[in-house]
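Raw contents of input.cif, mmCIF, C-alpha atoms:
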```
data_run
loop_
_atom_site.group_PDB
_atom_site.id
_atom_site.type_symbol
_atom_site.label_atom_id
_atom_site.label_comp_id
_atom_site.auth_asym_id
_atom_site.auth_seq_id
_atom_site.Cartn_x
_atom_site.Cartn_y
_atom_site.Cartn_z
ATOM 1 C CA ARG A 26 -61.758 127.144 -174.433
ATOM 2 C CA PHE A 27 -60.445 130.637 -173.744
ATOM 3 C CA ASP A 28 -59.372 133.684 -175.731
ATOM 4 C CA TRP A 29 -56.044 135.015 -174.416
ATOM 5 C CA ARG A 30 -55.167 138.696 -174.710
ATOM 6 C CA VAL A 31 -51.824 140.228 -173.712
ATOM 7 C CA THR A 32 -52.528 143.197 -171.435
ATOM 8 C CA SER A 33 -48.940 144.079 -170.486
ATOM 9 C CA GLU A 34 -45.496 142.793 -171.381
ATOM 10 C CA SER A 35 -42.166 143.847 -169.926
ATOM 11 C CA GLY A 36 -40.184 142.239 -172.726
ATOM 12 C CA ALA A 37 -37.660 141.130 -170.129
ATOM 13 C CA GLU A 38 -39.424 138.968 -167.583
ATOM 14 C CA TYR A 39 -43.170 139.389 -167.110
ATOM 15 C CA THR A 40 -46.152 138.988 -169.410
ATOM 16 C CA TYR A 41 -49.729 139.586 -168.261
ATOM 17 C CA PHE A 42 -52.696 137.971 -169.994
ATOM 18 C CA GLU A 43 -56.434 138.252 -169.594
ATOM 19 C CA ALA A 44 -58.363 135.084 -170.385
ATOM 20 C CA SER A 45 -62.000 135.231 -171.416
ATOM 21 C CA PRO A 46 -64.142 132.149 -172.033
ATOM 22 C CA LYS A 47 -65.097 131.510 -175.613
ATOM 23 C CA VAL A 48 -68.861 132.000 -175.705
ATOM 24 C CA PRO A 49 -70.524 129.300 -177.797
ATOM 25 C CA ALA A 50 -72.762 130.324 -180.645
ATOM 26 C CA PRO A 51 -76.428 130.553 -179.591
ATOM 27 C CA PRO A 52 -78.481 127.437 -180.429
ATOM 28 C CA PRO A 53 -81.217 127.519 -183.070
ATOM 29 C CA LYS A 54 -84.496 129.157 -182.113
ATOM 30 C CA LYS A 55 -86.221 125.786 -181.750
ATOM 31 C CA ALA A 56 -83.609 124.567 -179.260
ATOM 32 C CA ARG A 57 -83.925 127.771 -177.246
ATOM 33 C CA ALA A 58 -87.670 127.306 -177.034
ATOM 34 C CA GLU A 59 -87.301 123.701 -175.869
ATOM 35 C CA ASP A 60 -84.852 124.531 -173.067
ATOM 36 C CA GLY A 61 -86.956 127.376 -171.772
ATOM 37 C CA GLY A 62 -85.202 130.154 -173.651
ATOM 38 C CA SER A 63 -81.855 129.911 -171.846
ATOM 39 C CA GLY A 64 -80.041 130.466 -175.124
ATOM 40 C CA GLY A 65 -76.948 128.481 -174.047
ATOM 41 C CA GLY A 66 -74.137 130.774 -172.958
ATOM 42 C CA THR A 67 -71.629 130.275 -170.191
ATOM 43 C CA ASN A 68 -71.165 131.210 -166.572
ATOM 44 C CA VAL A 69 -67.376 130.815 -166.650
ATOM 45 C CA PRO A 70 -65.778 134.080 -165.524
ATOM 46 C CA SER A 71 -62.759 135.728 -167.112
ATOM 47 C CA PHE A 72 -59.502 135.838 -165.163
ATOM 48 C CA LYS A 73 -56.032 137.367 -165.354
ATOM 49 C CA VAL A 74 -52.751 135.487 -165.552
ATOM 50 C CA GLU A 75 -49.162 136.533 -164.794
ATOM 51 C CA LEU A 76 -46.608 134.549 -166.804
ATOM 52 C CA ILE A 77 -42.897 134.360 -165.947
ATOM 53 C CA SER A 78 -40.874 132.094 -168.191
ATOM 54 C CA PRO A 79 -38.502 130.633 -167.307
ATOM 55 C CA ALA A 80 -39.340 131.071 -163.602
ATOM 56 C CA SER A 81 -36.688 130.506 -160.939
ATOM 57 C CA ASP A 82 -37.383 128.583 -157.741
ATOM 58 C CA ARG A 83 -37.382 131.914 -155.897
ATOM 59 C CA GLN A 84 -40.057 133.351 -158.185
ATOM 60 C CA VAL A 85 -42.210 130.254 -157.782
ATOM 61 C CA ALA A 86 -41.822 130.406 -153.996
ATOM 62 C CA ARG A 87 -42.775 134.092 -154.006
ATOM 63 C CA ALA A 88 -46.078 133.234 -155.677
ATOM 64 C CA MET A 89 -46.937 130.455 -153.235
ATOM 65 C CA PRO A 90 -48.994 130.978 -150.064
ATOM 66 C CA SER A 91 -46.842 132.336 -147.249
ATOM 67 C CA PRO A 92 -46.365 130.072 -144.205
ATOM 68 C CA GLY A 93 -46.449 133.180 -142.042
ATOM 69 C CA LEU A 94 -44.766 136.530 -141.455
ATOM 70 C CA ALA A 95 -42.435 137.753 -138.728
ATOM 71 C CA MET A 96 -40.792 141.082 -137.907
ATOM 72 C CA VAL A 97 -37.003 140.850 -137.625
ATOM 73 C CA ALA A 98 -34.672 143.508 -136.216
ATOM 74 C CA GLU A 99 -31.664 143.204 -138.528
ATOM 75 C CA THR A 100 -28.447 144.330 -136.834
ATOM 76 C CA PRO A 101 -25.267 145.130 -138.814
ATOM 77 C CA ASP A 102 -23.794 141.855 -137.546
ATOM 78 C CA LEU A 103 -26.853 139.869 -138.654
ATOM 79 C CA TYR A 104 -26.654 141.532 -142.065
ATOM 80 C CA ARG A 105 -22.989 140.567 -142.512
ATOM 81 C CA ARG A 106 -23.394 136.986 -141.275
ATOM 82 C CA VAL A 107 -26.789 136.034 -142.724
ATOM 83 C CA THR A 108 -28.382 138.537 -145.088
ATOM 84 C CA ARG A 109 -25.396 139.486 -147.237
ATOM 85 C CA PRO A 110 -24.354 135.876 -148.008
ATOM 86 C CA HIS A 111 -28.003 135.168 -148.858
ATOM 87 C CA ILE A 112 -28.083 138.147 -151.253
ATOM 88 C CA ASP A 113 -24.772 137.145 -152.866
ATOM 89 C CA GLY A 114 -26.112 133.645 -153.488
ATOM 90 C CA ILE A 115 -29.243 134.986 -155.177
ATOM 91 C CA VAL A 116 -27.282 137.374 -157.413
ATOM 92 C CA ALA A 117 -24.702 134.702 -158.307
ATOM 93 C CA GLY A 118 -27.569 132.480 -159.454
ATOM 94 C CA GLY A 119 -28.294 134.838 -162.362
ATOM 95 C CA SER A 120 -31.515 136.301 -160.996
ATOM 96 C CA LEU A 121 -30.670 139.773 -162.369
ATOM 97 C CA ALA A 122 -30.075 138.818 -166.005
ATOM 98 C CA TRP A 123 -33.439 140.289 -167.051
ATOM 99 C CA LEU A 124 -32.624 143.560 -165.284
ATOM 100 C CA LYS A 125 -29.312 143.963 -167.074
ATOM 101 C CA ASN A 126 -31.207 143.734 -170.367
ATOM 102 C CA VAL A 127 -33.532 146.508 -169.214
ATOM 103 C CA VAL A 128 -30.731 148.806 -168.011
ATOM 104 C CA SER A 129 -28.762 148.311 -171.251
ATOM 105 C CA GLY A 130 -31.825 149.133 -173.356
ATOM 106 C CA GLU A 131 -31.982 145.717 -174.990
ATOM 107 C CA LYS A 132 -35.425 145.152 -173.462
ATOM 108 C CA GLU A 133 -38.350 147.407 -172.535
ATOM 109 C CA ARG A 134 -36.999 150.317 -174.577
ATOM 110 C CA GLU A 135 -40.560 151.422 -175.273
ATOM 111 C CA ARG A 136 -41.157 151.748 -171.505
ATOM 112 C CA LEU A 137 -38.148 154.007 -170.886
ATOM 113 C CA LEU A 138 -38.939 157.495 -169.518
ATOM 114 C CA VAL A 139 -35.468 158.706 -168.439
ATOM 115 C CA ASP A 140 -32.006 157.495 -169.426
ATOM 116 C CA GLY A 141 -29.786 159.314 -166.950
ATOM 117 C CA THR A 142 -26.040 159.200 -166.370
ATOM 118 C CA GLY A 143 -26.259 156.642 -163.588
ATOM 119 C CA TRP A 144 -29.884 155.522 -163.619
ATOM 120 C CA ILE A 145 -32.988 154.933 -165.726
ATOM 121 C CA LEU A 146 -36.705 155.466 -165.133
ATOM 122 C CA ASN A 147 -39.127 152.891 -166.535
ATOM 123 C CA ILE A 148 -42.836 152.180 -166.449
ATOM 124 C CA ASP A 149 -43.205 149.417 -163.867
ATOM 125 C CA THR A 150 -44.946 146.250 -165.047
ATOM 126 C CA LYS A 151 -47.225 146.532 -162.009
ATOM 127 C CA TRP A 152 -48.861 149.499 -163.755
ATOM 128 C CA ARG A 153 -51.052 147.135 -165.735
ATOM 129 C CA SER A 154 -53.641 149.719 -166.777
ATOM 130 C CA HIS A 155 -51.009 151.781 -168.614
ATOM 131 C CA PRO A 156 -51.783 152.150 -172.330
ATOM 132 C CA ASP A 157 -49.766 149.821 -174.530
ATOM 133 C CA ALA A 158 -46.359 151.493 -174.733
ATOM 134 C CA ARG A 159 -45.654 149.805 -178.064
ATOM 135 C CA THR A 160 -48.701 151.116 -179.901
ATOM 136 C CA THR A 161 -50.022 154.182 -178.049
ATOM 137 C CA PRO A 162 -48.330 157.525 -178.911
ATOM 138 C CA ARG A 163 -46.715 159.169 -175.897
ATOM 139 C CA ARG A 164 -48.717 162.340 -176.398
ATOM 140 C CA ASP A 165 -51.794 160.276 -175.459
ATOM 141 C CA TRP A 166 -50.250 159.301 -172.123
ATOM 142 C CA LEU A 167 -50.631 162.859 -170.790
ATOM 143 C CA GLY A 168 -53.635 162.981 -168.472
ATOM 144 C CA HIS A 169 -54.572 159.383 -169.297
ATOM 145 C CA VAL A 170 -57.203 157.873 -166.996
ATOM 146 C CA SER A 171 -54.741 155.142 -165.989
ATOM 147 C CA THR A 172 -52.542 157.655 -164.129
ATOM 148 C CA ALA A 173 -54.632 156.851 -161.043
ATOM 149 C CA ASP A 174 -52.571 153.618 -160.941
ATOM 150 C CA LEU A 175 -49.250 155.328 -161.717
ATOM 151 C CA TYR A 176 -46.239 153.147 -160.906
ATOM 152 C CA CYS A 177 -42.752 153.808 -162.259
ATOM 153 C CA LEU A 178 -39.379 152.352 -161.331
ATOM 154 C CA GLY A 179 -35.995 154.065 -161.139
ATOM 155 C CA ILE A 180 -33.081 151.636 -161.490
ATOM 156 C CA LEU A 181 -29.436 152.351 -160.682
ATOM 157 C CA LYS A 182 -27.042 151.467 -163.510
ATOM 158 C CA THR A 183 -24.167 150.598 -161.157
ATOM 159 C CA ASP A 184 -23.768 146.909 -160.313
ATOM 160 C CA GLY A 185 -23.120 145.736 -156.783
ATOM 161 C CA ILE A 186 -25.564 148.053 -154.977
ATOM 162 C CA ALA A 187 -28.008 145.421 -153.786
ATOM 163 C CA SER A 188 -30.144 147.547 -151.483
ATOM 164 C CA VAL A 189 -30.311 150.645 -149.323
ATOM 165 C CA ARG A 190 -27.844 148.874 -147.004
ATOM 166 C CA ASP A 191 -25.047 149.384 -149.559
ATOM 167 C CA LEU A 192 -25.538 153.132 -150.042
ATOM 168 C CA SER A 193 -22.946 155.666 -148.946
ATOM 169 C CA ALA A 194 -22.369 159.401 -149.257
ATOM 170 C CA ALA A 195 -20.859 158.750 -152.688
ATOM 171 C CA HIS A 196 -24.313 157.830 -153.994
ATOM 172 C CA LEU A 197 -26.011 161.080 -152.915
ATOM 173 C CA PRO A 198 -25.644 162.830 -156.321
ATOM 174 C CA VAL A 199 -27.432 160.074 -158.259
ATOM 175 C CA LEU A 200 -30.091 159.720 -155.547
ATOM 176 C CA ARG A 201 -30.767 163.464 -155.671
ATOM 177 C CA GLU A 202 -31.038 163.255 -159.456
ATOM 178 C CA MET A 203 -33.524 160.386 -159.177
ATOM 179 C CA LEU A 204 -35.524 162.387 -156.638
ATOM 180 C CA GLU A 205 -35.584 165.540 -158.762
ATOM 181 C CA GLU A 206 -35.575 164.339 -162.371
ATOM 182 C CA GLY A 207 -37.896 161.346 -161.902
ATOM 183 C CA PRO A 208 -40.927 163.365 -160.712
ATOM 184 C CA ARG A 209 -40.177 166.043 -163.339
ATOM 185 C CA ALA A 210 -40.253 163.471 -166.142
ATOM 186 C CA ILE A 211 -43.442 161.935 -164.763
ATOM 187 C CA GLN A 212 -45.132 165.342 -164.696
ATOM 188 C CA GLN A 213 -44.070 166.078 -168.280
ATOM 189 C CA THR A 214 -45.210 162.664 -169.514
ATOM 190 C CA TYR A 215 -48.405 162.130 -167.518
ATOM 191 C CA GLY A 216 -49.361 165.504 -166.040
ATOM 192 C CA VAL A 217 -49.062 164.262 -162.444
ATOM 193 C CA ALA A 218 -47.471 166.878 -160.158
ATOM 194 C CA PRO A 219 -44.480 165.946 -157.957
ATOM 195 C CA ASP A 220 -46.482 166.632 -154.782
ATOM 196 C CA GLN A 221 -48.855 163.858 -155.841
ATOM 197 C CA LEU A 222 -46.086 161.242 -155.859
ATOM 198 C CA ARG A 223 -44.696 158.871 -153.260
ATOM 199 C CA VAL A 224 -40.996 158.112 -153.895
ATOM 200 C CA PHE A 225 -39.529 155.271 -151.851
ATOM 201 C CA VAL A 226 -37.307 152.214 -151.682
ATOM 202 C CA HIS A 227 -38.020 148.804 -150.185
ATOM 203 C CA TYR A 228 -36.029 146.887 -147.635
ATOM 204 C CA PRO A 229 -35.916 144.029 -148.163
ATOM 205 C CA PRO A 230 -36.457 144.609 -151.881
ATOM 206 C CA GLN A 231 -38.117 142.288 -154.382
ATOM 207 C CA PHE A 232 -34.837 141.972 -156.278
ATOM 208 C CA TYR A 233 -31.341 142.805 -155.102
ATOM 209 C CA HIS A 234 -30.299 145.696 -157.326
ATOM 210 C CA LEU A 235 -31.069 149.144 -155.964
ATOM 211 C CA HIS A 236 -34.272 150.597 -157.380
ATOM 212 C CA VAL A 237 -36.651 153.399 -156.437
ATOM 213 C CA HIS A 238 -40.449 153.257 -156.628
ATOM 214 C CA TYR A 239 -42.574 156.170 -157.862
ATOM 215 C CA THR A 240 -46.303 155.860 -157.194
ATOM 216 C CA ARG A 241 -49.255 158.181 -157.046
ATOM 217 C CA LEU A 242 -50.446 158.888 -153.503
ATOM 218 C CA GLU A 243 -53.753 157.117 -154.177
ATOM 219 C CA ASN A 244 -51.846 153.955 -155.134
ATOM 220 C CA ASP A 245 -50.504 152.378 -151.937
ATOM 221 C CA THR A 246 -49.167 149.196 -153.577
ATOM 222 C CA GLY A 247 -45.898 148.261 -151.908
ATOM 223 C CA ALA A 248 -46.025 151.155 -149.466
ATOM 224 C CA GLN A 249 -46.247 149.093 -146.280
ATOM 225 C CA VAL A 250 -44.588 150.925 -143.409
ATOM 226 C CA GLU A 251 -42.436 147.918 -142.443
ATOM 227 C CA ARG A 252 -40.804 147.814 -145.901
ATOM 228 C CA GLY A 253 -41.095 151.242 -147.471
ATOM 229 C CA ILE A 254 -38.447 153.922 -146.842
ATOM 230 C CA LEU A 255 -39.573 157.315 -148.136
ATOM 231 C CA LEU A 256 -37.256 159.495 -150.204
ATOM 232 C CA ALA A 257 -40.056 162.020 -150.723
#
```
Output the file's structure as structure tokens, nothing else.
Amino acid sequence: RFDWRVTSESGAEYTYFEASPKVPAPPPKKARAEDGGSGGGTNVPSFKVELISPASDRQVARAMPSPGLAMVAETPDLYRRVTRPHIDGIVAGGSLAWLKNVVSGEKERERLLVDGTGWILNIDTKWRSHPDARTTPRRDWLGHVSTADLYCLGILKTDGIASVRDLSAAHLPVLREMLEEGPRAIQQTYGVAPDQLRVFVHYPPQFYHLHVHYTRLENDTGAQVERGILLA
């Protein structure tokens, strides 16, 4: 009953579809006259669908209604006793397999903006209005109307750095590179100046492999003060 159109595909985990109802052919003129000229048609609205396949129990739970929220002050001791074992269990369950394919270049190669020594910069799948990276020439991305929704993701190549909690002074060089080279690449590709970007990490993150978010200031998705930690 619906026509399905792919609007965005990560190639590694997510696929977004837009479903539009199939509009029936208009009835003959005589039938339209008999029913008062309604002409048939449909009042069924279109809708958008996010598909994750196969989806883990954690991904299903994330999409379900929340039973409620609470603010927690996480001490170093609480992190060692509770949070870190929880993270290790998630990672051991294979939840990062899709990400390894992205970092290695096996998936989402068409979405790659920077392939640095210790990190990559990709178009985030949450930037759904981005022109199709597989079919639209990159020269057409510059100044594209969709840059109002700009959302890119910097991902560390090193395994074992689950979140900002695992960072040390040894990681400063790659973090500085992400902070300097990421906005530069975004400006060259899309024409958005570095002072128009918000660069931040989440804690807790959506997935436990260190990554950095790059969004336009007008786009406040994921920028909640209780989770977002600004780098710039």
Go through A:Glu99, A:Glu243, A:Asp149, A:Glu131 one by one, measure the shortest atom-to-atom distance of each to Pro229 in chain A using all atoms listed in the file, and give the residue with the smallest value.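 For Pro229 in chain A, the nearest of the candidates is A:Glu99.
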Selection: 12 Å around Val97 in chain A, all atoms listed in the file, excl. self and same-chain fewer than 5 positions, as a PyMOL selection string: chain A and resi 103-104+108+228-229+251-252
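Between CA of Val189 in chain A and CA of Gln231 in chain A lies a distance of 12.5 Å.
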Contacts of Val224 in chain A at 7 Å (only C-alpha atoms; same-chain gap of 2+ positions) as JSON, numbers by chain: {"A": [222, 237, 238, 239, 240, 255, 256, 257]}
From the list A:Leu204, A:Ala187, A:Val217, A:Ala210, which residue is nearest Ala173 in chain A when using only C-alpha atoms? A:Val217
Length of the CA of Gly216 in chain A to CA of Val170 in chain A vector [Å]: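 The value is 11.0 Å.
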One number please: CA of Arg164 in chain A to CA of Val199 in chain A, in Å, one decimal.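 Straight-line distance from CA of Arg164 in chain A to CA of Val199 in chain A works out to 28.1 Å.
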Between A:Arg105, A:Trp123, A:Tyr215, A:Trp152, which has the minimum distance to His169 in chain A (counting all atoms listed in the file)?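 With all atoms listed in the file as the atom set, the closest residue is A:Tyr215.
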Given the PyMOL selection byres ((chain A and resi 203) around 9) and the file above, list the residues it selects as number ranges by chain. A: 141, 144-146, 179, 198-202, 204-208, 237
Could those residues be written to a file, using C-alpha atoms, as an mmCIF file, keeping the file's coordinate frame?
```cif
data_model
loop_
_atom_site.group_PDB
_atom_site.id
_atom_site.type_symbol
_atom_site.label_atom_id
_atom_site.label_comp_id
_atom_site.auth_asym_id
_atom_site.auth_seq_id
_atom_site.Cartn_x
_atom_site.Cartn_y
_atom_site.Cartn_z
ATOM 1 C CA GLY A 141 -29.786 159.314 -166.950
ATOM 2 C CA TRP A 144 -29.884 155.522 -163.619
ATOM 3 C CA ILE A 145 -32.988 154.933 -165.726
ATOM 4 C CA LEU A 146 -36.705 155.466 -165.133
ATOM 5 C CA GLY A 179 -35.995 154.065 -161.139
ATOM 6 C CA PRO A 198 -25.644 162.830 -156.321
ATOM 7 C CA VAL A 199 -27.432 160.074 -158.259
ATOM 8 C CA LEU A 200 -30.091 159.720 -155.547
ATOM 9 C CA ARG A 201 -30.767 163.464 -155.671
ATOM 10 C CA GLU A 202 -31.038 163.255 -159.456
ATOM 11 C CA LEU A 204 -35.524 162.387 -156.638
ATOM 12 C CA GLU A 205 -35.584 165.540 -158.762
ATOM 13 C CA GLU A 206 -35.575 164.339 -162.371
ATOM 14 C CA GLY A 207 -37.896 161.346 -161.902
ATOM 15 C CA PRO A 208 -40.927 163.365 -160.712
ATOM 16 C CA VAL A 237 -36.651 153.399 -156.437
#
```
Repaired coordinates for range 92-103 of chain A (all heavy atoms) as a PDB file, in the coordinates of the input:
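Here's the written file rebuild-v8.pdb:
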```pdb
ATOM      1  N   PRO A  92     -46.134 130.839-145.437  1.00  0.00           N
ATOM      2  CA  PRO A  92     -46.365 130.072-144.205  1.00  0.00           C
ATOM      3  C   PRO A  92     -46.563 130.971-142.990  1.00  0.00           C
ATOM      4  O   PRO A  92     -46.912 130.511-141.912  1.00  0.00           O
ATOM      5  CB  PRO A  92     -45.083 129.245-144.069  1.00  0.00           C
ATOM      6  CG  PRO A  92     -44.041 130.058-144.766  1.00  0.00           C
ATOM      7  CD  PRO A  92     -44.750 130.714-145.920  1.00  0.00           C
ATOM      8  N   GLY A  93     -46.310 132.255-143.162  1.00  0.00           N
ATOM      9  CA  GLY A  93     -46.449 133.180-142.042  1.00  0.00           C
ATOM     10  C   GLY A  93     -45.420 134.287-142.126  1.00  0.00           C
ATOM     11  O   GLY A  93     -44.411 134.168-142.831  1.00  0.00           O
ATOM     12  N   LEU A  94     -45.656 135.386-141.433  1.00  0.00           N
ATOM     13  CA  LEU A  94     -44.766 136.530-141.455  1.00  0.00           C
ATOM     14  C   LEU A  94     -44.208 136.775-140.064  1.00  0.00           C
ATOM     15  O   LEU A  94     -44.816 136.400-139.053  1.00  0.00           O
ATOM     16  CB  LEU A  94     -45.518 137.780-141.940  1.00  0.00           C
ATOM     17  CG  LEU A  94     -46.134 137.703-143.335  1.00  0.00           C
ATOM     18  CD1 LEU A  94     -46.929 138.965-143.614  1.00  0.00           C
ATOM     19  CD2 LEU A  94     -45.047 137.537-144.393  1.00  0.00           C
ATOM     20  N   ALA A  95     -43.047 137.409-140.009  1.00  0.00           N
ATOM     21  CA  ALA A  95     -42.435 137.753-138.728  1.00  0.00           C
ATOM     22  C   ALA A  95     -41.616 139.023-138.909  1.00  0.00           C
ATOM     23  O   ALA A  95     -41.010 139.240-139.966  1.00  0.00           O
ATOM     24  CB  ALA A  95     -41.546 136.625-138.211  1.00  0.00           C
ATOM     25  N   MET A  96     -41.615 139.880-137.908  1.00  0.00           N
ATOM     26  CA  MET A  96     -40.792 141.082-137.907  1.00  0.00           C
ATOM     27  C   MET A  96     -39.419 140.730-137.349  1.00  0.00           C
ATOM     28  O   MET A  96     -39.302 140.102-136.296  1.00  0.00           O
ATOM     29  CB  MET A  96     -41.441 142.170-137.058  1.00  0.00           C
ATOM     30  CG  MET A  96     -42.757 142.693-137.611  1.00  0.00           C
ATOM     31  SD  MET A  96     -42.554 143.708-139.096  1.00  0.00           S
ATOM     32  CE  MET A  96     -41.949 145.207-138.370  1.00  0.00           C
ATOM     33  N   VAL A  97     -38.369 141.140-138.048  1.00  0.00           N
ATOM     34  CA  VAL A  97     -37.003 140.850-137.625  1.00  0.00           C
ATOM     35  C   VAL A  97     -36.229 142.162-137.501  1.00  0.00           C
ATOM     36  O   VAL A  97     -36.261 142.992-138.415  1.00  0.00           O
ATOM     37  CB  VAL A  97     -36.292 139.923-138.630  1.00  0.00           C
ATOM     38  CG1 VAL A  97     -34.836 139.710-138.226  1.00  0.00           C
ATOM     39  CG2 VAL A  97     -37.018 138.594-138.733  1.00  0.00           C
ATOM     40  N   ALA A  98     -35.551 142.355-136.393  1.00  0.00           N
ATOM     41  CA  ALA A  98     -34.672 143.508-136.216  1.00  0.00           C
ATOM     42  C   ALA A  98     -33.286 143.113-136.720  1.00  0.00           C
ATOM     43  O   ALA A  98     -32.569 142.355-136.064  1.00  0.00           O
ATOM     44  CB  ALA A  98     -34.621 143.921-134.752  1.00  0.00           C
ATOM     45  N   GLU A  99     -32.920 143.603-137.899  1.00  0.00           N
ATOM     46  CA  GLU A  99     -31.664 143.204-138.528  1.00  0.00           C
ATOM     47  C   GLU A  99     -30.536 144.120-138.066  1.00  0.00           C
ATOM     48  O   GLU A  99     -30.479 145.285-138.424  1.00  0.00           O
ATOM     49  CB  GLU A  99     -31.795 143.253-140.049  1.00  0.00           C
ATOM     50  CG  GLU A  99     -30.559 142.746-140.775  1.00  0.00           C
ATOM     51  CD  GLU A  99     -30.701 142.887-142.281  1.00  0.00           C
ATOM     52  OE1 GLU A  99     -30.635 144.040-142.767  1.00  0.00           O
ATOM     53  OE2 GLU A  99     -30.907 141.866-142.947  1.00  0.00           O
ATOM     54  N   THR A 100     -29.614 143.586-137.292  1.00  0.00           N
ATOM     55  CA  THR A 100     -28.447 144.330-136.834  1.00  0.00           C
ATOM     56  C   THR A 100     -27.362 144.293-137.908  1.00  0.00           C
ATOM     57  O   THR A 100     -27.402 143.450-138.817  1.00  0.00           O
ATOM     58  CB  THR A 100     -27.893 143.715-135.546  1.00  0.00           C
ATOM     59  OG1 THR A 100     -27.436 142.381-135.841  1.00  0.00           O
ATOM     60  CG2 THR A 100     -28.960 143.665-134.459  1.00  0.00           C
ATOM     61  N   PRO A 101     -26.386 145.199-137.859  1.00  0.00           N
ATOM     62  CA  PRO A 101     -25.267 145.130-138.814  1.00  0.00           C
ATOM     63  C   PRO A 101     -24.579 143.766-138.816  1.00  0.00           C
ATOM     64  O   PRO A 101     -24.194 143.250-139.869  1.00  0.00           O
ATOM     65  CB  PRO A 101     -24.337 146.244-138.338  1.00  0.00           C
ATOM     66  CG  PRO A 101     -25.248 147.241-137.683  1.00  0.00           C
ATOM     67  CD  PRO A 101     -26.297 146.406-137.012  1.00  0.00           C
ATOM     68  N   ASP A 102     -24.429 143.174-137.635  1.00  0.00           N
ATOM     69  CA  ASP A 102     -23.794 141.855-137.546  1.00  0.00           C
ATOM     70  C   ASP A 102     -24.643 140.786-138.228  1.00  0.00           C
ATOM     71  O   ASP A 102     -24.114 139.924-138.945  1.00  0.00           O
ATOM     72  CB  ASP A 102     -23.572 141.484-136.077  1.00  0.00           C
ATOM     73  CG  ASP A 102     -22.936 140.103-135.927  1.00  0.00           C
ATOM     74  OD1 ASP A 102     -21.791 139.920-136.402  1.00  0.00           O
ATOM     75  OD2 ASP A 102     -23.599 139.216-135.351  1.00  0.00           O
ATOM     76  N   LEU A 103     -25.955 140.829-138.016  1.00  0.00           N
ATOM     77  CA  LEU A 103     -26.853 139.869-138.654  1.00  0.00           C
ATOM     78  C   LEU A 103     -26.822 140.037-140.168  1.00  0.00           C
ATOM     79  O   LEU A 103     -26.854 139.059-140.915  1.00  0.00           O
ATOM     80  CB  LEU A 103     -28.280 140.061-138.125  1.00  0.00           C
ATOM     81  CG  LEU A 103     -29.332 139.056-138.610  1.00  0.00           C
ATOM     82  CD1 LEU A 103     -28.975 137.634-138.180  1.00  0.00           C
ATOM     83  CD2 LEU A 103     -30.716 139.447-138.082  1.00  0.00           C
TER      84      LEU A 103
END
```
